[in-house]
Every structure is written in C-alpha cells, then in structure tokens.
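Next up, final07.pdb (PDB, C-alpha atoms):
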```pdb
MODEL        1
ATOM      1  CA  ARG Y  54      17.829 -61.125 -10.855
ATOM      2  CA  VAL Y  55      19.464 -57.696 -10.699
ATOM      3  CA  ARG Y  56      18.137 -54.996  -8.391
ATOM      4  CA  VAL Y  57      19.014 -51.450  -9.396
ATOM      5  CA  VAL Y  58      19.584 -49.231  -6.375
ATOM      6  CA  PRO Y  59      19.288 -45.450  -6.950
ATOM      7  CA  GLN Y  60      22.532 -43.619  -6.450
ATOM      8  CA  ARG Y  61      22.703 -42.206  -2.957
ATOM      9  CA  VAL Y  62      22.250 -38.458  -2.694
ATOM     10  CA  ALA Y  63      24.682 -36.547  -0.515
ATOM     11  CA  ALA Y  64      23.253 -33.061  -1.019
ATOM     12  CA  VAL Y  65      20.467 -31.133  -2.734
ATOM     13  CA  LEU Y  66      21.137 -27.502  -3.609
ATOM     14  CA  PHE Y  67      19.191 -24.708  -5.292
ATOM     15  CA  ALA Y  68      21.242 -23.412  -8.230
ATOM     16  CA  ASN Y  69      19.789 -19.881  -8.069
ATOM     17  CA  ARG Y  70      19.771 -18.573  -4.524
ATOM     18  CA  ASN Y  71      18.483 -15.083  -5.325
ATOM     19  CA  GLU Y  72      15.804 -14.414  -2.699
ATOM     20  CA  LEU Y  73      14.070 -11.553  -4.533
ATOM     21  CA  LEU Y  74      10.976 -12.248  -6.631
ATOM     22  CA  ARG Y  75       8.594  -9.794  -8.328
ATOM     23  CA  ARG Y  76       4.868 -10.259  -7.914
ATOM     24  CA  ASN Y  77       3.225 -11.879 -10.973
ATOM     25  CA  VAL Y  78       6.582 -12.303 -12.738
ATOM     26  CA  PRO Y  79       7.373 -16.020 -13.271
ATOM     27  CA  ALA Y  80      10.839 -17.202 -12.301
ATOM     28  CA  THR Y  81      12.870 -20.386 -12.013
ATOM     29  CA  ARG Y  82      14.428 -21.842  -8.877
ATOM     30  CA  GLN Y  83      15.741 -25.271  -9.846
ATOM     31  CA  ALA Y  84      17.675 -27.536  -7.545
ATOM     32  CA  PHE Y  85      20.107 -30.340  -8.318
ATOM     33  CA  ALA Y  86      21.160 -33.498  -6.501
ATOM     34  CA  TYR Y  87      24.830 -34.322  -5.875
ATOM     35  CA  ASP Y  88      26.714 -37.420  -4.748
ATOM     36  CA  SER Y  89      29.395 -37.527  -2.081
ATOM     37  CA  ALA Y  90      32.034 -36.572  -4.660
ATOM     38  CA  GLY Y  91      30.149 -33.380  -5.577
ATOM     39  CA  ARG Y  92      28.982 -34.701  -8.942
ATOM     40  CA  ALA Y  93      25.485 -33.910 -10.180
ATOM     41  CA  ILE Y  94      23.294 -36.994 -10.411
ATOM     42  CA  ASN Y  95      19.988 -37.587 -12.125
ATOM     43  CA  ARG Y  96      17.378 -37.854  -9.401
ATOM     44  CA  THR Y  97      13.798 -36.582  -9.236
ATOM     45  CA  ILE Y  98      13.497 -33.432  -7.128
ATOM     46  CA  VAL Y  99      10.322 -32.888  -5.124
ATOM     47  CA  TYR Y 100       9.541 -29.186  -4.663
ATOM     48  CA  SER Y 101       7.219 -27.505  -2.172
ATOM     49  CA  SER Y 102       6.420 -24.057  -0.770
ATOM     50  CA  THR Y 103       5.659 -23.282   2.857
ATOM     51  CA  ASN Y 104       3.323 -20.434   1.826
ATOM     52  CA  THR Y 105       1.413 -21.155  -1.375
ATOM     53  CA  ASP Y 106      -0.597 -17.950  -0.961
ATOM     54  CA  VAL Y 107       2.638 -16.056  -1.644
ATOM     55  CA  VAL Y 108       4.627 -18.389  -3.908
ATOM     56  CA  LEU Y 109       3.861 -21.534  -5.891
ATOM     57  CA  ILE Y 110       6.588 -23.826  -7.222
ATOM     58  CA  SER Y 111       6.046 -26.584  -9.766
ATOM     59  CA  GLN Y 112       7.809 -29.927  -9.892
ATOM     60  CA  LEU Y 113      10.012 -28.459 -12.636
ATOM     61  CA  GLY Y 114      11.206 -25.642 -10.356
ATOM     62  CA  LEU Y 115       9.047 -22.982 -12.024
ATOM     63  CA  VAL Y 116       8.033 -20.306  -9.517
ATOM     64  CA  THR Y 117       4.871 -18.197  -9.554
ATOM     65  CA  PRO Y 118       5.014 -15.210  -7.147
ATOM     66  CA  ARG Y 119       1.359 -14.538  -6.246
ATOM     67  CA  ALA Y 120       1.359 -11.977  -3.431
ATOM     68  CA  LEU Y 121       3.671  -9.793  -1.369
ATOM     69  CA  GLY Y 122       5.373 -11.634   1.468
ATOM     70  CA  THR Y 123       7.914 -14.349   2.185
ATOM     71  CA  ALA Y 124       7.970 -18.105   1.805
ATOM     72  CA  ARG Y 125      10.421 -20.979   2.009
ATOM     73  CA  LEU Y 126      10.994 -23.136  -1.061
ATOM     74  CA  ILE Y 127      12.033 -26.710  -0.316
ATOM     75  CA  ALA Y 128      13.755 -29.109  -2.715
ATOM     76  CA  ARG Y 129      13.914 -32.702  -1.455
ATOM     77  CA  VAL Y 130      15.341 -36.037  -2.572
ATOM     78  CA  ASP Y 131      14.953 -38.912  -0.120
ATOM     79  CA  ASP Y 132      16.237 -37.624   3.219
ATOM     80  CA  ARG Y 133      18.232 -34.730   1.733
ATOM     81  CA  ALA Y 134      16.775 -31.270   1.248
ATOM     82  CA  ASP Y 135      17.668 -27.662   0.655
ATOM     83  CA  THR Y 136      15.627 -24.637   1.729
ATOM     84  CA  LEU Y 137      15.551 -21.230   0.060
ATOM     85  CA  THR Y 138      13.747 -18.274   1.634
ATOM     86  CA  VAL Y 139      12.292 -15.957  -1.000
ATOM     87  CA  ARG Y 140      10.690 -12.521  -0.746
ATOM     88  CA  VAL Y 141       8.039 -11.248  -3.154
ATOM     89  CA  THR Y 142       7.994  -7.495  -3.804
ATOM     90  CA  GLU Y 143       6.370  -5.147  -6.284
ATOM     91  CA  ILE Y 144       7.826  -4.583  -9.748
ATOM     92  CA  PRO Y 145       9.922  -1.374  -9.683
ATOM     93  CA  LEU Y 146       8.160   1.650 -11.101
ATOM     94  CA  ALA Y 147       9.649   3.554 -14.005
ATOM     95  CA  GLN Y 148       7.173   6.347 -14.717
ATOM     96  CA  VAL Y 149       4.431   8.379 -13.063
ATOM     97  CA  ARG Y 150       2.228  10.161 -15.605
ATOM     98  CA  ILE Y 151       0.009  13.009 -14.325
ATOM     99  CA  GLU Y 152      -3.169  14.214 -15.979
ATOM    100  CA  PRO Y 153      -3.711  17.005 -16.759
ATOM    101  CA  PHE Y 154      -0.102  17.892 -17.458
ATOM    102  CA  SER Y 155      -0.917  21.602 -17.206
ATOM    103  CA  ALA Y 156      -3.932  23.480 -15.839
ATOM    104  CA  SER Y 157      -4.997  26.954 -14.726
ATOM    105  CA  ILE Y 158      -7.511  28.017 -12.084
ATOM    106  CA  ASN Y 159      -8.541  31.088 -10.124
ATOM    107  CA  PRO Y 160      -7.941  31.576  -6.390
ATOM    108  CA  GLY Y 161     -10.484  29.532  -4.460
ATOM    109  CA  ALA Y 162     -11.190  27.194  -7.384
ATOM    110  CA  THR Y 163     -10.157  23.527  -7.456
ATOM    111  CA  GLN Y 164      -8.488  21.226  -9.960
ATOM    112  CA  SER Y 165      -8.291  17.416  -9.751
ATOM    113  CA  PHE Y 166      -5.149  15.560 -10.810
ATOM    114  CA  THR Y 167      -4.740  11.837 -11.462
ATOM    115  CA  ALA Y 168      -1.594   9.717 -11.669
ATOM    116  CA  THR Y 169      -1.045   6.644 -13.853
ATOM    117  CA  LEU Y 170       1.876   4.385 -12.950
ATOM    118  CA  PHE Y 171       4.003   2.257 -15.274
ATOM    119  CA  ASP Y 172       6.689  -0.329 -14.533
ATOM    120  CA  SER Y 173      10.003  -0.744 -16.336
ATOM    121  CA  THR Y 174       8.336  -2.902 -19.004
ATOM    122  CA  GLY Y 175       5.719  -0.243 -19.797
ATOM    123  CA  VAL Y 176       2.870  -2.140 -18.152
ATOM    124  CA  GLN Y 177       0.418  -0.096 -16.092
ATOM    125  CA  VAL Y 178       0.658  -0.706 -12.355
ATOM    126  CA  THR Y 179      -2.292  -0.344  -9.985
ATOM    127  CA  GLY Y 180      -2.808  -0.579  -6.251
ATOM    128  CA  ARG Y 181       0.103   1.680  -5.259
ATOM    129  CA  ARG Y 182      -0.275   4.626  -2.885
ATOM    130  CA  VAL Y 183       0.325   8.055  -4.428
ATOM    131  CA  THR Y 184       1.200  11.096  -2.302
ATOM    132  CA  TRP Y 185       0.500  14.535  -3.786
ATOM    133  CA  ARG Y 186       2.514  17.679  -3.028
ATOM    134  CA  SER Y 187       2.523  21.338  -4.085
ATOM    135  CA  SER Y 188       5.817  23.154  -4.601
ATOM    136  CA  ASN Y 189       4.336  26.358  -3.089
ATOM    137  CA  VAL Y 190       1.347  26.143  -0.747
ATOM    138  CA  ASN Y 191       1.097  29.963  -0.766
ATOM    139  CA  VAL Y 192       0.010  29.717  -4.414
ATOM    140  CA  ALA Y 193      -1.913  26.417  -4.366
ATOM    141  CA  THR Y 194      -2.508  23.612  -1.916
ATOM    142  CA  ILE Y 195      -3.270  19.997  -2.778
ATOM    143  CA  ASP Y 196      -4.813  17.181  -0.783
ATOM    144  CA  ALA Y 197      -2.064  14.601  -0.273
ATOM    145  CA  ALA Y 198      -4.403  11.648  -0.759
ATOM    146  CA  SER Y 199      -7.021  12.752  -3.301
ATOM    147  CA  GLY Y 200      -4.941  14.933  -5.651
ATOM    148  CA  VAL Y 201      -7.427  17.824  -5.546
ATOM    149  CA  ALA Y 202      -5.627  21.197  -5.717
ATOM    150  CA  ARG Y 203      -7.048  24.551  -4.604
ATOM    151  CA  GLY Y 204      -5.857  27.946  -5.789
ATOM    152  CA  VAL Y 205      -4.697  30.367  -3.093
ATOM    153  CA  ALA Y 206      -3.028  33.291  -4.867
ATOM    154  CA  PRO Y 207      -1.806  34.117  -8.397
ATOM    155  CA  GLY Y 208       1.383  32.312  -9.398
ATOM    156  CA  ASN Y 209       2.826  29.064 -10.761
ATOM    157  CA  VAL Y 210       3.397  25.820  -8.852
ATOM    158  CA  ALA Y 211       4.590  22.327  -9.630
ATOM    159  CA  ILE Y 212       2.201  19.555  -8.640
ATOM    160  CA  ASN Y 213       4.090  16.364  -7.769
ATOM    161  CA  ALA Y 214       2.803  12.800  -7.475
ATOM    162  CA  ILE Y 215       5.210  10.690  -5.424
ATOM    163  CA  VAL Y 216       5.114   6.906  -5.140
ATOM    164  CA  ASP Y 217       7.204   5.025  -2.610
ATOM    165  CA  GLU Y 218       9.379   2.460  -4.282
ATOM    166  CA  VAL Y 219       9.435  -1.253  -3.522
ATOM    167  CA  PRO Y 220       9.569  -1.892   0.260
ATOM    168  CA  GLY Y 221      13.191  -2.144   1.298
ATOM    169  CA  PHE Y 222      14.377   0.274  -1.399
ATOM    170  CA  ALA Y 223      15.037   3.959  -0.713
ATOM    171  CA  ARG Y 224      14.305   5.194  -4.235
ATOM    172  CA  GLN Y 225      11.087   7.049  -5.022
ATOM    173  CA  VAL Y 226       9.429   7.602  -8.385
ATOM    174  CA  SER Y 227       7.553  10.817  -9.080
ATOM    175  CA  GLY Y 228       5.854  12.797 -11.818
ATOM    176  CA  ALA Y 229       5.117  16.518 -12.108
ATOM    177  CA  ALA Y 230       2.525  18.824 -13.647
ATOM    178  CA  GLU Y 231       2.143  22.599 -13.776
ATOM    179  CA  LEU Y 232      -0.684  24.530 -12.149
ATOM    180  CA  VAL Y 233      -1.136  28.245 -12.871
ATOM    181  CA  VAL Y 234      -3.292  30.290 -10.529
ATOM    182  CA  ILE Y 235      -4.536  33.361 -12.378
ATOM    183  CA  PRO Y 236      -6.237  36.446 -10.915
ATOM    184  CA  THR Y 237     -10.012  36.239 -10.807
ATOM    185  CA  PRO Y 238     -11.477  38.208 -13.788
ATOM    186  CA  ILE Y 239     -13.428  41.342 -12.875
ATOM    187  CA  ALA Y 240     -16.935  41.259 -14.318
ATOM    188  CA  SER Y 241     -18.221  44.593 -12.975
ATOM    189  CA  ILE Y 242     -17.154  47.662 -11.004
ATOM    190  CA  GLU Y 243     -19.500  49.576  -8.738
ATOM    191  CA  VAL Y 244     -18.824  53.106  -7.415
ATOM    192  CA  VAL Y 245     -20.565  54.098  -4.188
ATOM    193  CA  PRO Y 246     -22.144  56.572  -4.164
ATOM    194  CA  ALA Y 247     -23.043  56.486  -7.853
ATOM    195  CA  SER Y 248     -22.828  60.286  -8.083
ATOM    196  CA  VAL Y 249     -21.349  63.012  -5.912
ATOM    197  CA  SER Y 250     -20.977  66.782  -5.994
ATOM    198  CA  VAL Y 251     -17.835  68.541  -4.803
ATOM    199  CA  ARG Y 252     -16.770  72.170  -4.692
ATOM    200  CA  VAL Y 253     -13.697  73.360  -6.509
ATOM    201  CA  GLY Y 254     -10.619  72.817  -4.374
ATOM    202  CA  THR Y 255     -12.241  70.217  -2.095
ATOM    203  CA  GLN Y 256     -11.995  66.439  -1.945
ATOM    204  CA  THR Y 257     -14.392  63.603  -1.212
ATOM    205  CA  SER Y 258     -14.166  59.836  -0.990
ATOM    206  CA  VAL Y 259     -15.963  57.158  -2.947
ATOM    207  CA  LEU Y 260     -15.942  53.374  -2.580
ATOM    208  CA  VAL Y 261     -14.981  51.282  -5.597
ATOM    209  CA  ILE Y 262     -16.228  47.670  -5.505
ATOM    210  CA  ALA Y 263     -14.906  45.140  -8.028
ATOM    211  CA  ARG Y 264     -17.031  42.027  -8.525
ATOM    212  CA  ASP Y 265     -16.410  38.746 -10.309
ATOM    213  CA  ALA Y 266     -18.962  36.910 -12.448
ATOM    214  CA  ALA Y 267     -20.557  35.402  -9.336
ATOM    215  CA  GLY Y 268     -21.110  38.861  -7.875
TER     216      GLY Y 268
ENDMDL
END
```
Could you show the structure in this file as structure tokens?
Amino acid sequence: RVRVVPQRVAAVLFANRNELLRRNVPATRQAFAYDSAGRAINRTIVYSSTNTDVVLISQLGLVTPRALGTARLIARVDDRADTLTVRVTEIPLAQVRIEPFSASINPGATQSFTATLFDSTGVQVTGRRVTWRSSNVNVATIDAASGVARGVAPGNVAINAIVDEVPGFARQVSGAAELVVIPTPIASIEVVPASVSVRVGTQTSVLVIARDAAG
C-alpha cells in the first residue's frame, strides 16, 4: 500500500501585490505555493478576506471590490500563508458635463446648473460631491452645494463644477459653463411731474423713473 504525501509547502505568495482596487471593478489577486527550492507546486490555495463588506475574494483568486475602505486578503496552504492589504477607491473621473452649457439671466434672477460625471470608460458616476464656483462674484454668485446661480450685475462669468479626485490623489476634475448677466429690460418710463411750465431762460428739475416689467 502506497501513501501519497502532498509536497510540503515552504511559502505562499500573491503574484500581484498591487494594493489599489477600484470599487465595482473586478480584479484578480492569485497566489501560488512554492517548495523550499523556490519552485511553484500544485497545491489548493484557500482564500479569505478580513472585511467582506469591502472586498470579496473567490477560491480562484477573483476579487470583487464592493465598497470604499481597506481589507486584508489571505492566501493559505496548510500552515503557510501570505497576506495582502488592499485599498478600494473610486474610479477616476474623466469628465464633468454641466447643463445648461450656456445661459443668460438678469440681475437678481437665478439659474440652476447640474453636473453629470463620467469615468474614464464613459460610464456615468454618481454619489460624488460637486463644488460650484463663479469666476466673478461681482457679476454672479453661485451656491457651492446646490449649483443655483444669482445675477448681480451685467457681465460674463464662468460657472465651474469641481469634483475632488479619488482620495489620496491631488488631481481634480472640473467642467465649465458660461453665464451672461444682461441688464434688466426697461418696460416703462415715468416722468414726475407729468407736465411742467418754465419761463424762457429758467430751469427746472423733473424725476425720471425707469421700471421693469414687474413695475
């Protein structure tokens, strides 16, 4: 009777030690077993994750990043194991599209802007914080959180939507639109008093009142 003894494992190592994963983008982190001479041997690897809310790993080494955060991936054969700490981040943004691209309002009026975000693969990204800015607050202001602009004085401004990039990266992605603040149209002019008499060679004063459509 012959008893086959599995070849003893000296080390287990992850082949890909890149710690960065993108949320919802599948990846592979396979490990291999080696003997004391450094040769790869055919042994079954048992995989596990210390934080399955963040990362899942199958018994084939296929990784599913589920949420932002960190986790440790463990590959084990008998009493040998390797640990790989991974970090799940957002997919880098590539484009911020603002609607409307161009708009015009009068002083005191408001205009709402919205931003749509896309990643480098062209897929729309949601759940990211957008910060709004006006290039000239003397012409138009804009609420940094809501994207509602208000006209202040006639002129042109750039409306910018800025999105912080993946945590740990300094780069920002932004989009821009144009807002034109035009003078309020005059609907009527009133002269007070409506009539006046003056002698030749004398002067008098009248009040001219310009009104918009709202009076």
Practice item. Grab the atom CA of Arg182 of chain Y to atom CA of Arg119 of chain Y distance for me, in Å with one decimal place. Key: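 Pair atom CA of Arg182 of chain Y / atom CA of Arg119 of chain Y returns 19.5 Å.
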Exercise for review: Could you check which of Y:Asn159, Y:Ala120, Y:Val178, Y:Glu152 is closest to Asp106 of chain Y, using all atoms listed in the file?
Suggested key: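 Ranking Y:Asn159, Y:Ala120, Y:Val178, Y:Glu152 by distance to Asp106 of chain Y, first place goes to Y:Ala120.
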Find the residues of segment 133-226 of chain Y that sit at most 10 Å from segment 65-82 of chain Y; for each, write down the nearest two atoms and how far apart they are in Å, to one decimal. Count all atoms listed in the file. Sort by chain, then by number going up, and give it as a tab-separated table.
```
residue	atom	partner	partner_atom	distance
Y:Arg133	CA	Y:Val65	CA	6.2
Y:Ala134	CA	Y:Val65	CA	5.4
Y:Asp135	CA	Y:Leu66	CA	5.5
Y:Thr136	CA	Y:Phe67	CA	7.9
Y:Leu137	CA	Y:Arg70	CA	6.8
Y:Thr138	CA	Y:Glu72	CA	6.2
Y:Val139	CA	Y:Glu72	CA	4.2
Y:Arg140	CA	Y:Leu73	CA	5.2
Y:Val141	CA	Y:Leu74	CA	4.7
Y:Thr142	CA	Y:Arg75	CA	5.1
Y:Glu143	CA	Y:Arg75	CA	5.5
Y:Ile144	CA	Y:Arg75	CA	5.5
Y:Pro145	CA	Y:Arg75	CA	8.6
Y:Val219	CA	Y:Arg75	CA	9.8
```
Point to revise | Distance query Arg186 of chain Y at most 10 Å, all atoms listed in the file, self and fewer than 6 positions along chain excluded, as number ranges by chain | key: Y: 193-198, 200, 202, 211-215, 229
Check your understanding: Which residues fall under the PyMOL selection byres ((chain Y and resi 88) around 8) in this file, as a list in words?
Key ->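 Taken on the displayed file, the PyMOL selection byres ((chain Y and resi 88) around 8) yields the residues Gln60, Arg61, Val62, Ala63, Ala64, Ala86, Tyr87, Ser89, Ala90, Gly91, Arg92, Ala93 and Ile94 of chain Y.
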Point to revise | Residues selected by the PyMOL selection byres ((chain Y and resi 105) around 10), written as a PyMOL selection string | key: chain Y and resi 101-104+106-110+117-120+124-126
Dump C-alpha atoms for the selected residues as an mmCIF file, in the coordinates of the input?
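Wrote result.cif, looks like this:
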```cif
data_model
loop_
_atom_site.group_PDB
_atom_site.id
_atom_site.type_symbol
_atom_site.label_atom_id
_atom_site.label_comp_id
_atom_site.auth_asym_id
_atom_site.auth_seq_id
_atom_site.Cartn_x
_atom_site.Cartn_y
_atom_site.Cartn_z
ATOM 1 C CA SER Y 101 7.219 -27.505 -2.172
ATOM 2 C CA SER Y 102 6.420 -24.057 -0.770
ATOM 3 C CA THR Y 103 5.659 -23.282 2.857
ATOM 4 C CA ASN Y 104 3.323 -20.434 1.826
ATOM 5 C CA ASP Y 106 -0.597 -17.950 -0.961
ATOM 6 C CA VAL Y 107 2.638 -16.056 -1.644
ATOM 7 C CA VAL Y 108 4.627 -18.389 -3.908
ATOM 8 C CA LEU Y 109 3.861 -21.534 -5.891
ATOM 9 C CA ILE Y 110 6.588 -23.826 -7.222
ATOM 10 C CA THR Y 117 4.871 -18.197 -9.554
ATOM 11 C CA PRO Y 118 5.014 -15.210 -7.147
ATOM 12 C CA ARG Y 119 1.359 -14.538 -6.246
ATOM 13 C CA ALA Y 120 1.359 -11.977 -3.431
ATOM 14 C CA ALA Y 124 7.970 -18.105 1.805
ATOM 15 C CA ARG Y 125 10.421 -20.979 2.009
ATOM 16 C CA LEU Y 126 10.994 -23.136 -1.061
#
```
**Study point:** Residues near Gly208 of chain Y, cut-off 12 Å, all atoms listed in the file, skip fewer than 2 positions along chain, as a list in words
**Key:**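 The residues satisfying every condition are Ser157, Ile158, Asn159, Pro160, Ser188, Asn189, Val190, Asn191, Val192, Ala193, Gly204, Val205, Ala206, Val210, Ala211, Glu231, Leu232, Val233, Val234, Ile235 and Pro236 of chain Y.
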Point to revise | Distance of atom CA of Ala240 of chain Y from atom CA of Ser165 of chain Y, expressed in Å to one decimal place | key: 25.8 Å
